[in-house]
There are 4 protein chains.
Amino acid sequence: MELYEAVSPLDFRYYGGSEAFMKKLLPYVSEAAYVKYQAKVEAALVRTLAKHGICSHEIADEVEQAAREVTAAEVYEEQGRIRHNIRSLVNVMRRKISSQARPYVHLFATSADVLDTATALRFKDLTRDVILPDLVALENRLIQLARTHAETVQIGRTHGQHAEPITFGFAIALYVSRIGNRIELIDQTSRNLRGQFSGAVGAFNGLSLITEHPEQIEADLLAQLGLKASDTHTSTQCVEPEFISDLAYAITSTYTILANFADDMRHLYRTEIAEVGKKYDPQRVGSSTMPHKVNPEEFENVKSLWKAFVPRMMTVFMDSILEHQRDLTNSASSRFLTELFTAFDYSIYRLIRALEEMDVKTDQMRRNLELSAGDTIAEPIYLLMAYYGFPDAYDHTRKLVAQVHQTGRTLTELLWADETLQRFLDRLTETQREALRDPTKYIGASVHQTHVTCDAWEQRVRRVVEARGESIREEMG
Amino acid sequence: MELYEAVSPLDFRYYGGSEAFMKKLLPYVSEAAYVKYQAKVEAALVRTLAKHGICSHEIADEVEQAAREVTAAEVYEEQGRIRHNIRSLVNVMRRKISSQARPYVHLFATSADVLDTATALRFKDLTRDVILPDLVALENRLIQLARTHAETVQIGRTHGQHAEPITFGFAIALYVSRIGNRIELIDQTSRNLRGQFSGAVGAFNGLSLITEHPEQIEADLLAQLGLKASDTHTSTQCVEPEFISDLAYAITSTYTILANFADDMRHLYRTEIAEVGKKYDPQRVGSSTMPHKVNPEEFENVKSLWKAFVPRMMTVFMDSILEHQRDLTNSASSRFLTELFTAFDYSIYRLIRALEEMDVKTDQMRRNLELSAGDTIAEPIYLLMAYYGFPDAYDHTRKLVAQVHQTGRTLTELLWADETLQRFLDRLTETQREALRDPTKYIGASVHQTHVTCDAWEQRVRRVVEARGESIREEMG
Amino acid sequence: MELYEAVSPLDFRYYGGSEAFMKKLLPYVSEAAYVKYQAKVEAALVRTLAKHGICSHEIADEVEQAAREVTAAEVYEEQGRIRHNIRSLVNVMRRKISSQARPYVHLFATSADVLDTATALRFKDLTRDVILPDLVALENRLIQLARTHAETVQIGRTHGQHAEPITFGFAIALYVSRIGNRIELIDQTSRNLRGQFSGAVGAFNGLSLITEHPEQIEADLLAQLGLKASDTHTSTQCVEPEFISDLAYAITSTYTILANFADDMRHLYRTEIAEVGKKYDPQRVGSSTMPHKVNPEEFENVKSLWKAFVPRMMTVFMDSILEHQRDLTNSASSRFLTELFTAFDYSIYRLIRALEEMDVKTDQMRRNLELSAGDTIAEPIYLLMAYYGFPDAYDHTRKLVAQVHQTGRTLTELLWADETLQRFLDRLTETQREALRDPTKYIGASVHQTHVTCDAWEQRVRRVVEARGESIREEMG
Amino acid sequence: MELYEAVSPLDFRYYGGSEAFMKKLLPYVSEAAYVKYQAKVEAALVRTLAKHGICSHEIADEVEQAAREVTAAEVYEEQGRIRHNIRSLVNVMRRKISSQARPYVHLFATSADVLDTATALRFKDLTRDVILPDLVALENRLIQLARTHAETVQIGRTHGQHAEPITFGFAIALYVSRIGNRIELIDQTSRNLRGQFSGAVGAFNGLSLITEHPEQIEADLLAQLGLKASDTHTSTQCVEPEFISDLAYAITSTYTILANFADDMRHLYRTEIAEVGKKYDPQRVGSSTMPHKVNPEEFENVKSLWKAFVPRMMTVFMDSILEHQRDLTNSASSRFLTELFTAFDYSIYRLIRALEEMDVKTDQMRRNLELSAGDTIAEPIYLLMAYYGFPDAYDHTRKLVAQVHQTGRTLTELLWADETLQRFLDRLTETQREALRDPTKYIGASVHQTHVTCDAWEQRVRRVVEARGESIREEMG
């Protein structure tokens with residue numbers, strides 16, 4: 001198939017459209033990769049049989065060699081003939097080995113043992129090698145952005161209306177926190193993926209013919225691959241679906257945070273708000289008919305792909321229901337899960353690019369803040385009056401605000417002219433007076449919170465990365 | 001990209017995995033096809049300008065020629081440079097024509113004019129040329145199946161329990177009716193797709209510079225392509241989203257019927273029920289470890305793909321919300337709609353194959369019916385007793401059923417031995433007695449309904465096909 | 001249950017929280033109403049039997065009287081005992097009538113005949129009596145708003161960026177068009193709801209015991225209620241699910257348009273944009289802590305409820321799949337469909353209220369337009385230069401835009417100083433020059449389109465209303 | 001509102017329809033309960049201010065007393081006037097206290113501080129007091145069922161086809177494992193819910209006016225309620241949405257397991273399979289027209305409610321996206337989350353009831369197993385032949401199976417008559433021969449696995465319960 005003969009936008013445009021990106025993900029998400037992982041599981045199976053004395057290690061060597069040689073094309077060709085995917089893989093592998101070795105390929109396994117274990121393995125690897133590093137890279141850029149703008153005053157917005165001032169760094173720090181939290185969840189759920197080697201209905205029917213401890217053989221096979229079985233070695237024909245579902249949820253939930261961030265930036269990008277923008281690049285075309293346009297298309301792309309992929313959780317839930325030991329109505333649909341991971345990682349990649357191009361306009365933030373500077377002090381007035389014991393501070397402040405609308409005078413003027421409030425105003429500290437005079441001072445703990453949050457997550461994320469590193473070393477050792 | 005480097009199962013396995021299938025859909029669903037359709041719209045645009053005297057017909061000829069030559073690869077290469085899809089197409093086309101012709105390419109159009117119009121056009125063609133013919137083929141096979149088994153008695157099931165007898169043909173006829181109804185809806189919603197040529201914000205800003213009737217130019221351009229604008233030529237930057245949404249709904253709703261049919265067959269396939277099966281084919285492998293298995297995998301595949309694609313309607317709804325004249329958060333996500341059409345058509349293709357292999361086991365239907373023959377007459381007893389005026393017919397029958405459980409006697413025995421009922425039983429006609437004796441006679445209007453339904457839809461579906469034929473001729477004329 | 005003991009926000013807050021609103025919907029959406037509709041179907045059933053000579057008209061009178069007297073409380077009390085909803089209704093009705101009449105209540109019907117027919121009937125009535133009138137009222141207010149502001153110039157926005165000018169009326173007219181189109185779809189799909197009287201498995205098993213034309217009895221029963229059966233009288237135990245699904249889709253699709261409108265208004269409400277607002281009302285509280293806030297909470301509520309209800313389509317699709325003649329896994333879930341209708345109508349009600357309070361700030365629209373007045377003329381420059389045959393008009397204009405950024409001069413200045421363009425500029429008409437000088441003149445066909453669209457939909461919507469009126473009269477006649 | 005005036009099936013039928021059930025959940029899920037929780041948070045707030053010396057403890061006592069007296073009706077009445085929910089609560093509370101106390105009610109809080117904290121608190125309590133105990137009760141019943149039938153042989157099914165034998169206890173044990181795993185996740189995610197006291201935009205703007213450590217005041221307030229803030233005290237106006245989303249996911253994922261279990265039972269209930277059933281109860285009505293029907297309606301109800309509630313996760317994801325410090329498009333929609341918890345707990349309640357009525361038909365399990373006894377040995381034949389080194393064991397066994405179809409002889413006969421296999425057959429152990437003779441012996445590790453799984457989860461679940469108990473004590477201490 002030529003690239004533009006493809007029907008999936010992932011293939012021809014997003015994953016397939018960026019060579020570097022595709023190269024990075026291909027060893028995990030392509031069908032070729034999946035076949036490779038299946039062959040790897042088949043090889044581990046025979047090695048396990050050898051360790052348990054069922055066949056020789058030479059046979060296991062043969063099978064390992066065959067596994068390395070298998071290609072997706074061969075397997076699919078065989079499948080065109082016999083219409084069964086794993087039996088095709090087995091046939092292809094068997095052709096590459098001696099007749100003595102043949103009986104041991106796939107012995108005691110059902111297709112799902114190989115498929116589900118390979119799936120767990122490739123998603124675990126993909127998460128560790130690609131998704132987490134990319135997400136950590138994004139997190140680190142956000143940390144940097146938050147720190148840089150820890151003191152850049154910006155108006156906080158609720159209901160799309162100016163509320164009270166914060167700093168831009170503080171706004172970004174919230175994403176540092178939310179994404180940091182998800183990095184830990186993705187890490188944990190991906191490590192928690194499970195494999196199996198329990199046969200056609202999950203009861204070790206075959207293995208029990210030759211051993212009293214079939215679960216030990218399962219455990220050994222999976223340990224070779226860096227995996228575990230379910231806690232008590234239960235399964236139907238399939239691994240319990242919750243392990244994959246948990247990871248899919250972790251990804252979808254994180255994706256939602258990225259979409260939220262993209263939305264925030266899109267709105268800050270609006271012509272009237274213009275608190276962030278893009279450095280002007282004369283090469284780029286913003287519109288096919290409006291030469292002046294410079295658009296937040298990276299952020300739009302992230303939000304858009306989120307809309308395409310968030311409903312996939314419905315499929316995950318539906319696929320977690322299988323009749324009895326298994327019907328196969330999850331077989332085709334669960335294949336599409338790989339797309340979720342790919343789109344998610346692609347969105348991280350786009351966001352990183354977007355952050356590189358992003359221009360934070362601190363002057364405009366200041367200008368916008370001033371738009372409502374007169375109003376935002378309504379809150380500190382009310383709070384301080386109440387704090388100093390004025391019984392109806394809230395309603396009184398609302399009356400002052402009403403007077404602003406009626407008289408055209410500013411809230412500050414009205415405040416200091418208000419005789420009822422004098423004895424409370426007299427008690428204000430200098431800092432409190434400052435907050436009433438200058439809204440850029442009424443930013444609460446924005447600066448402190450920004451740094452505390454960045455510090456904490458920088459450490460926690462580093463810990464995830466380091467633990468990952470160790471686990472890689474362990475598995476290699 | 002090699003086939004097995006793809007990440008989408010549609011590409012490497014379903015669409016891309018079947019050469020004949022892919023060949024049929026490629027001219028509509030591939031990215032190459034989309035670019036072709038866009039170029040076709042650009043050509044029609046210049047032709048329209050020529051008709052309105054804005055440029056010469058020679059220029060329009062040049063552009064048409066260029067449009068025929070454009071390839072997706074060229075356009076994507078340009079896009080790698082300038083990062084704007086339609087401007088890339090325009091640049092590529094402009095390179096193929098004289099400098100006099102260049103100003104007129106894309107003149108007065110915004111990208112969305114070309115993209116949305118091309119989308120409407122290719123979905124309309126795809127529906128007419130592929131999806132409807134395939135769906136009609138499935139419908140005709142179901143009609144044939146229903147007629148063949150119009151008199152094949154089968155137990156009707158509610159709650160998974162034996163209820164009252166029907167015929168297998170009658171059960172199939174329901175699908176004839178449901179699918180028939182959807183064929184008309186798909187036909188109607190696909191004909192109702194709209195295009196546009198209204199500029200960057202939908203208000204014909206550009207065209208209004210040179211004419212007082214810009215909507216006439218829009219109408220002319222679209223008419224050339226066999227399309228219409230929205231009823232009063234309104235749009236934002238985009239065509240109103242409901243036209244596409246209606247078609248997506250029609251497809252999804254039909255897909256749901258296919259999934260329902262697949263589920264019914266899957267359950268009739270169960271070992272204990274076994275009313276349908278598959279002719280034994282010694283070549284086929286049913287399980288990698290259980291050589292005796294013969295599975296309903298075609299039906300499972302249909303249900304499974306439905307689970308992957310039914311949530312796509314969520315994306316369609318989310319994509320119908322765009323801020324103001326348009327944000328572009330529908331840009332990436334709406335590209336995936338093509339996948340829905342492809343998967344749907346693939347499922348039709350699998351169902352047709354499944355029906356070819358399907359073996360209807362009339363003997364087993366009869367055997368199953370007899371399992372509960374003694375019980376199913378409870379309903380006609382109750383109904384006839386009530387009909388002849390017995391006041392508590394329902395409760396009385398329930399008592400008889402209770403006695404079956406208590407005494408071990410059959411319901412028939414208890415019925416005829418029941419003295420309270422005698423004067424009502426005496427009034428039964430011969431046909432009514434027959435229905436109480438032989439459950440295969442208590443099939444209501446199953447046979448008649450089967451034929452009536454098949455007759456009606458055979459005609460209505462033929463009418464859809466013929467009207468399509470005419471519309472093809474009209475457009476060619 | 002006390003109001004605040006309820007768990008559903010619809011009950012205690014939205015539907016139950018507004019007496020007038022609740023009163024209007026209660027006769028259709030409450031459980032009490034549903035029981036009433038079921039009883040009405042049971043009464044029509046016996047009347048039909050009487051018309052066919054199966055029982056006397058006096059008996060039908062008795063049953064009709066009983067149906068009028070039935071209350072939900074009675075039925076639920078009986079259900080507490082026997083755990084079957086329709087049998088409970090039947091028992092309650094039977095207690096209210098003579099022993100001669102009793103056998104005919106529910107005779108030949110299965111529960112689903114009554115439930116599905118009652119559902120079709122109440123949704124048809126609800127749509128005709130409440131939803132369509134409310135939606136038409138909203139449409140008429142939008143028409144009025146669009147006409148009022150047909151000439152109010154506003155900047156059109158794409159990507160959240162200023163694009164080209166339109167008028168506010170034109171922006172509203174798009175919603176007039178989209179909602180108008182949906183009014184017709186809701187009208188059509190609600191009229192198309194179907195009932196049934198075909199027995200336990202849909203094959204008229206019972207009725208066929210006493211007549212050769214059971215479908216005629218079905219047709220007569222339904223005609224009494226103003227309904228029809230499926231086109232060829234097919235059904236399983238249930239009416240074919242597509243009729244209800246089509247209406248649910250029509251509602252959901254319209255809801256999405258309301259959500260889109262709400263989003264647009266929310267963003268125009270933003271402090272920095274402020275093109276719409278709310279008249280200041282000193283009584284209202286915008287924030288519990290920020291006395292100055294005035295928020296678009298009506299619009300937020302509409303968008304928010306849409307998020308709660310749009311996923312309900314997933315349930316509708318899943319409920320359209322039932323095994324064989326029916327499993328009952330749609331029984332509990334389909335009860336929730338009423339909530340969708342209620343929430344939808346509530347959102348219309350909120351939008352109407354929001355429009356009453358809305359303040360369109362034409363001055364601010366003008367101010368915002370001027371923000372980018374210098375840039376928006378890039379499009380007409382490019383278009384006119386190309387129109388007059390300048391080969392590289394697009395790229396040349398982009399260069400001018402680049403110079404704006406470099407030189408700080410305006411695009412207008414650069415344009416008229418550009419020697420290469422002189423011979424093309426010379427050809428401009430006065431109107432064209434005007435569009436380059438004054439962006440408020442570059443609004444295309446906004447004004448005309450606004451009126452054309454309002455005219456068309458005013459008529460079409462009136463036609464729907466009038467046809468409804470006639471159908472009411474017909475049914476009464 | 002009268003019960004049957006309600007529009008939500010939860011209210012009038014499921015939650016409101018069962019007095020005992022409603023009574024148990026009402027203190028958490030009703031609107032009355034929510035208001036109580038909000039008042040509790042307001043009281044804790046003033047107590048915290050008192051602890052920090054901002055007001056006296058007598059004032060905090062007054063406010064606590066007022067909080068205890070507040071009713072939902074009062075608050076809603078006030079809200080009818082001022083249209084703001086939390087300010088209404090504050091007004092109502094202020095009326096119940098002295099004028100000295102009034103300034104301190106709600107001081108420094110924004111509405112969301114109270115609402116989000118109250119939500120976290122009531123969901124935490126609801127989970128601990130109701131949902132987890134109910135789910136543990138279900139788990140314990142399943143453990144009991146699994147143990148009882150640890151040795152009850154049943155055919156395992158894949159593709160709806162007989163695969164290899166297991167035991168019924170083993171099939172149930174899988175649900176013990178899956179649900180056990182979710183009990184831990186629900187426990188963990190509910191404990192992880194967070195509150196906040198960080199003001200209008202999350203930056204502690206107000207509190208920072210009077211203290212340098214506002215996060216300490218937040219921590220103290222939350223600690224009083226048994227809650228924590230986000231790890232670094234970040235928030236926007238709202239608590240980070242992931243904490244609630246994680247719990248919603250945990251519930252939805254568990255719900256899916258219940259639906260899976262319900263489906264399994266529904267299918268085992270089928271007339272032809274009949275491996276489980278319901279004890280005959282002459283009082284119950286199974287069908288309004290078929291007096292003999294006994295249906296799996298409890299299981300259908302569970303599956304059906306799952307279909308109504310699983311799409312709610314879409315709303316949760318959409319609600320996790322808020323613009324800037326908050327738009328309020330999550331305000332109405334997030335109120336519906338309570339319904340998910342209620343429906344879920346109701347489904348547990350129905351399942352427990354279903355298990356009480358369930359009749360496991362061991363004889364029928366044996367009979368069904370024998371249906372395919374001749375076929376299921378194909379797997380052990382193939383495995384053992386391969387194990388003993390026969391190179392083409394799989395294909396050879398398939399040929400034997402083909403001969404069964406051709407010759408009508410049994411697989412066993414063909415096996416022992418097969419000369420090629422003799423030397424491998426000779427090596428079989430007695431146990432292996434037994435498995436080939438008697439399929440009820442080929443159940444693998446079913447029995448062992450059942451007990452191991454029940455043992456493990458019994459302990460782990462007990463640990464959850466006990467830890468809960470301690471946490472209750474801690475919070476009281």
# chains A, B, ... in the order shown; residues from 1 in each chain; ligands from 1
>>> interface_residues(of="chain C", to="chain B", cutoff="7 Å", atoms="only C-alpha atoms", output="MDAnalysis selection string")
chainID C and resid 99:100 102:104 107:108 156:160 164 166 174 178 201 203:206 208:209 232 234:235 240 256 260 263:264 311 314 317 320:328 380 383 386:387 389:393 432 442:446 452:453
>>> select_by_dssp(residues="stretch 36-178 of chain B", states="strand (DSSP E or B)", output="JSON, numbers by chain")
{"B": [153, 154, 155, 156, 157, 158, 161, 162, 163, 164, 165, 166, 167]}
>>> write_last_selection(atoms="all heavy atoms", output="mmCIF file, in the first residue's frame")
data_model
loop_
_atom_site.group_PDB
_atom_site.id
_atom_site.type_symbol
_atom_site.label_atom_id
_atom_site.label_comp_id
_atom_site.auth_asym_id
_atom_site.auth_seq_id
_atom_site.Cartn_x
_atom_site.Cartn_y
_atom_site.Cartn_z
ATOM 1 N N VAL B 153 -40.076 -23.583 10.873
ATOM 2 C CA VAL B 153 -40.516 -23.234 12.224
ATOM 3 C C VAL B 153 -39.327 -23.155 13.191
ATOM 4 O O VAL B 153 -38.424 -23.980 13.141
ATOM 5 C CB VAL B 153 -41.562 -24.232 12.735
ATOM 6 C CG1 VAL B 153 -41.996 -23.878 14.159
ATOM 7 C CG2 VAL B 153 -42.769 -24.236 11.806
ATOM 8 N N GLN B 154 -39.356 -22.141 14.016
ATOM 9 C CA GLN B 154 -38.289 -21.891 14.994
ATOM 10 C C GLN B 154 -38.966 -21.348 16.246
ATOM 11 O O GLN B 154 -39.989 -20.671 16.160
ATOM 12 C CB GLN B 154 -37.327 -20.842 14.417
ATOM 13 C CG GLN B 154 -36.121 -20.524 15.314
ATOM 14 C CD GLN B 154 -35.334 -19.295 14.836
ATOM 15 O OE1 GLN B 154 -35.916 -18.358 14.307
ATOM 16 N NE2 GLN B 154 -34.028 -19.307 15.040
ATOM 17 N N ILE B 155 -38.384 -21.621 17.388
ATOM 18 C CA ILE B 155 -38.961 -21.049 18.591
ATOM 19 C C ILE B 155 -38.563 -19.580 18.677
ATOM 20 O O ILE B 155 -37.395 -19.238 18.458
ATOM 21 C CB ILE B 155 -38.530 -21.825 19.863
ATOM 22 C CG1 ILE B 155 -39.257 -21.279 21.090
ATOM 23 C CG2 ILE B 155 -37.023 -21.763 20.084
ATOM 24 C CD1 ILE B 155 -40.740 -21.528 21.109
ATOM 25 N N GLY B 156 -39.512 -18.695 18.966
ATOM 26 C CA GLY B 156 -39.182 -17.301 19.246
ATOM 27 C C GLY B 156 -38.667 -17.197 20.670
ATOM 28 O O GLY B 156 -39.094 -17.946 21.551
ATOM 29 N N ARG B 157 -37.740 -16.303 20.880
ATOM 30 C CA ARG B 157 -37.114 -16.207 22.199
ATOM 31 C C ARG B 157 -37.214 -14.787 22.752
ATOM 32 O O ARG B 157 -36.856 -13.833 22.077
ATOM 33 C CB ARG B 157 -35.635 -16.575 22.100
ATOM 34 C CG ARG B 157 -35.376 -18.034 21.790
ATOM 35 C CD ARG B 157 -33.948 -18.257 21.344
ATOM 36 N NE ARG B 157 -33.647 -19.669 21.168
ATOM 37 C CZ ARG B 157 -33.692 -20.305 19.988
ATOM 38 N NH1 ARG B 157 -34.011 -19.645 18.886
ATOM 39 N NH2 ARG B 157 -33.411 -21.597 19.921
ATOM 40 N N THR B 158 -37.641 -14.702 23.984
ATOM 41 C CA THR B 158 -37.568 -13.430 24.695
ATOM 42 C C THR B 158 -36.919 -13.712 26.036
ATOM 43 O O THR B 158 -37.139 -14.792 26.611
ATOM 44 C CB THR B 158 -38.968 -12.801 24.880
ATOM 45 O OG1 THR B 158 -39.803 -13.699 25.601
ATOM 46 C CG2 THR B 158 -39.621 -12.498 23.543
ATOM 47 N N GLN B 161 -35.316 -16.928 26.762
ATOM 48 C CA GLN B 161 -36.181 -18.063 27.068
ATOM 49 C C GLN B 161 -37.080 -18.353 25.880
ATOM 50 O O GLN B 161 -37.445 -17.448 25.127
ATOM 51 C CB GLN B 161 -37.077 -17.723 28.284
ATOM 52 C CG GLN B 161 -36.317 -17.323 29.517
ATOM 53 C CD GLN B 161 -35.485 -18.447 30.053
ATOM 54 O OE1 GLN B 161 -36.008 -19.482 30.419
ATOM 55 N NE2 GLN B 161 -34.165 -18.281 30.047
ATOM 56 N N HIS B 162 -37.452 -19.585 25.748
ATOM 57 C CA HIS B 162 -38.429 -19.926 24.728
ATOM 58 C C HIS B 162 -39.721 -19.178 25.016
ATOM 59 O O HIS B 162 -40.220 -19.192 26.142
ATOM 60 C CB HIS B 162 -38.689 -21.432 24.732
ATOM 61 C CG HIS B 162 -37.581 -22.200 24.076
ATOM 62 N ND1 HIS B 162 -37.676 -23.514 23.722
ATOM 63 C CD2 HIS B 162 -36.335 -21.817 23.692
ATOM 64 C CE1 HIS B 162 -36.554 -23.915 23.162
ATOM 65 N NE2 HIS B 162 -35.715 -22.905 23.140
ATOM 66 N N ALA B 163 -40.222 -18.526 23.976
ATOM 67 C CA ALA B 163 -41.479 -17.787 24.145
ATOM 68 C C ALA B 163 -42.549 -18.491 23.310
ATOM 69 O O ALA B 163 -43.087 -19.509 23.743
ATOM 70 C CB ALA B 163 -41.294 -16.329 23.734
ATOM 71 N N GLU B 164 -42.804 -18.001 22.109
ATOM 72 C CA GLU B 164 -43.792 -18.639 21.242
ATOM 73 C C GLU B 164 -43.155 -18.883 19.882
ATOM 74 O O GLU B 164 -42.216 -18.197 19.510
ATOM 75 C CB GLU B 164 -45.027 -17.738 21.101
ATOM 76 C CG GLU B 164 -45.683 -17.341 22.424
ATOM 77 C CD GLU B 164 -46.170 -18.548 23.231
ATOM 78 O OE1 GLU B 164 -46.524 -19.579 22.621
ATOM 79 O OE2 GLU B 164 -46.172 -18.472 24.485
ATOM 80 N N PRO B 165 -43.674 -19.826 19.102
ATOM 81 C CA PRO B 165 -43.024 -20.174 17.825
ATOM 82 C C PRO B 165 -43.194 -19.097 16.756
ATOM 83 O O PRO B 165 -44.191 -18.387 16.718
ATOM 84 C CB PRO B 165 -43.752 -21.454 17.391
ATOM 85 C CG PRO B 165 -44.496 -21.941 18.580
ATOM 86 C CD PRO B 165 -44.795 -20.734 19.420
ATOM 87 N N ILE B 166 -42.184 -19.012 15.935
ATOM 88 C CA ILE B 166 -42.232 -18.176 14.738
ATOM 89 C C ILE B 166 -41.636 -19.011 13.597
ATOM 90 O O ILE B 166 -41.577 -20.242 13.729
ATOM 91 C CB ILE B 166 -41.387 -16.889 14.899
ATOM 92 C CG1 ILE B 166 -39.953 -17.239 15.343
ATOM 93 C CG2 ILE B 166 -42.036 -15.951 15.893
ATOM 94 C CD1 ILE B 166 -38.993 -16.058 15.335
ATOM 95 N N THR B 167 -41.244 -18.356 12.509
ATOM 96 C CA THR B 167 -40.419 -19.073 11.534
ATOM 97 C C THR B 167 -39.090 -18.337 11.402
ATOM 98 O O THR B 167 -39.000 -17.140 11.692
ATOM 99 C CB THR B 167 -41.090 -19.187 10.141
ATOM 100 O OG1 THR B 167 -41.128 -17.888 9.548
ATOM 101 C CG2 THR B 167 -42.498 -19.769 10.254
#
>>> select_by_dssp(residues="stretch 114-174 of chain A", states="helix (DSSP H, G or I)", output="ChimeraX atom specification")
/A:114-148,168-174
>>> residues_around(residues="D:Val404", least_positions_apart="6", cutoff="9 Å", atoms="only C-alpha atoms", output="list in words")
Thr410, Leu411 and Leu414 of chain D
>>> atom_distance(atom1="atom CA of B:Ser8", atom2="atom CA of B:Ala112")
26.5 Å
>>> residues_around(residues="D:Leu126", least_positions_apart="2", cutoff="9 Å", atoms="only C-alpha atoms", output="VMD selection string")
chain D and resid 25 27 to 29 121 to 124 128 to 132 341
>>> atom_distance(atom1="atom CA of A:Leu436", atom2="atom CA of A:Ile377")
5.9 Å
>>> residues_around(residues="D:Met365", least_positions_apart="3", cutoff="6 Å", atoms="only C-alpha atoms", output="list of chain:residue names")
D:Gln154, D:Glu275, D:Thr362, D:Asn368
>>> write_last_selection(atoms="N, CA, C and O atoms", output="PDB file, in the first residue's frame")
ATOM      1  N   GLN D 154     -18.114 -27.990  34.497  1.00  0.00           N
ATOM      2  CA  GLN D 154     -18.902 -27.239  33.504  1.00  0.00           C
ATOM      3  C   GLN D 154     -18.049 -27.128  32.251  1.00  0.00           C
ATOM      4  O   GLN D 154     -16.824 -27.069  32.343  1.00  0.00           O
ATOM      5  N   GLU D 275     -28.152 -23.811  32.671  1.00  0.00           N
ATOM      6  CA  GLU D 275     -27.245 -24.247  33.735  1.00  0.00           C
ATOM      7  C   GLU D 275     -27.485 -23.477  35.031  1.00  0.00           C
ATOM      8  O   GLU D 275     -27.032 -23.902  36.090  1.00  0.00           O
ATOM      9  N   THR D 362     -26.477 -28.352  38.492  1.00  0.00           N
ATOM     10  CA  THR D 362     -25.252 -29.129  38.243  1.00  0.00           C
ATOM     11  C   THR D 362     -25.497 -30.278  37.278  1.00  0.00           C
ATOM     12  O   THR D 362     -24.624 -30.613  36.483  1.00  0.00           O
ATOM     13  N   ASN D 368     -24.749 -30.854  29.496  1.00  0.00           N
ATOM     14  CA  ASN D 368     -24.194 -30.021  28.425  1.00  0.00           C
ATOM     15  C   ASN D 368     -22.767 -30.425  28.095  1.00  0.00           C
ATOM     16  O   ASN D 368     -22.383 -30.504  26.927  1.00  0.00           O
TER      17      ASN D 368
END
>>> atom_distance(atom1="atom CA of C:Ala73", atom2="atom CA of C:Phe12")
20.0 Å
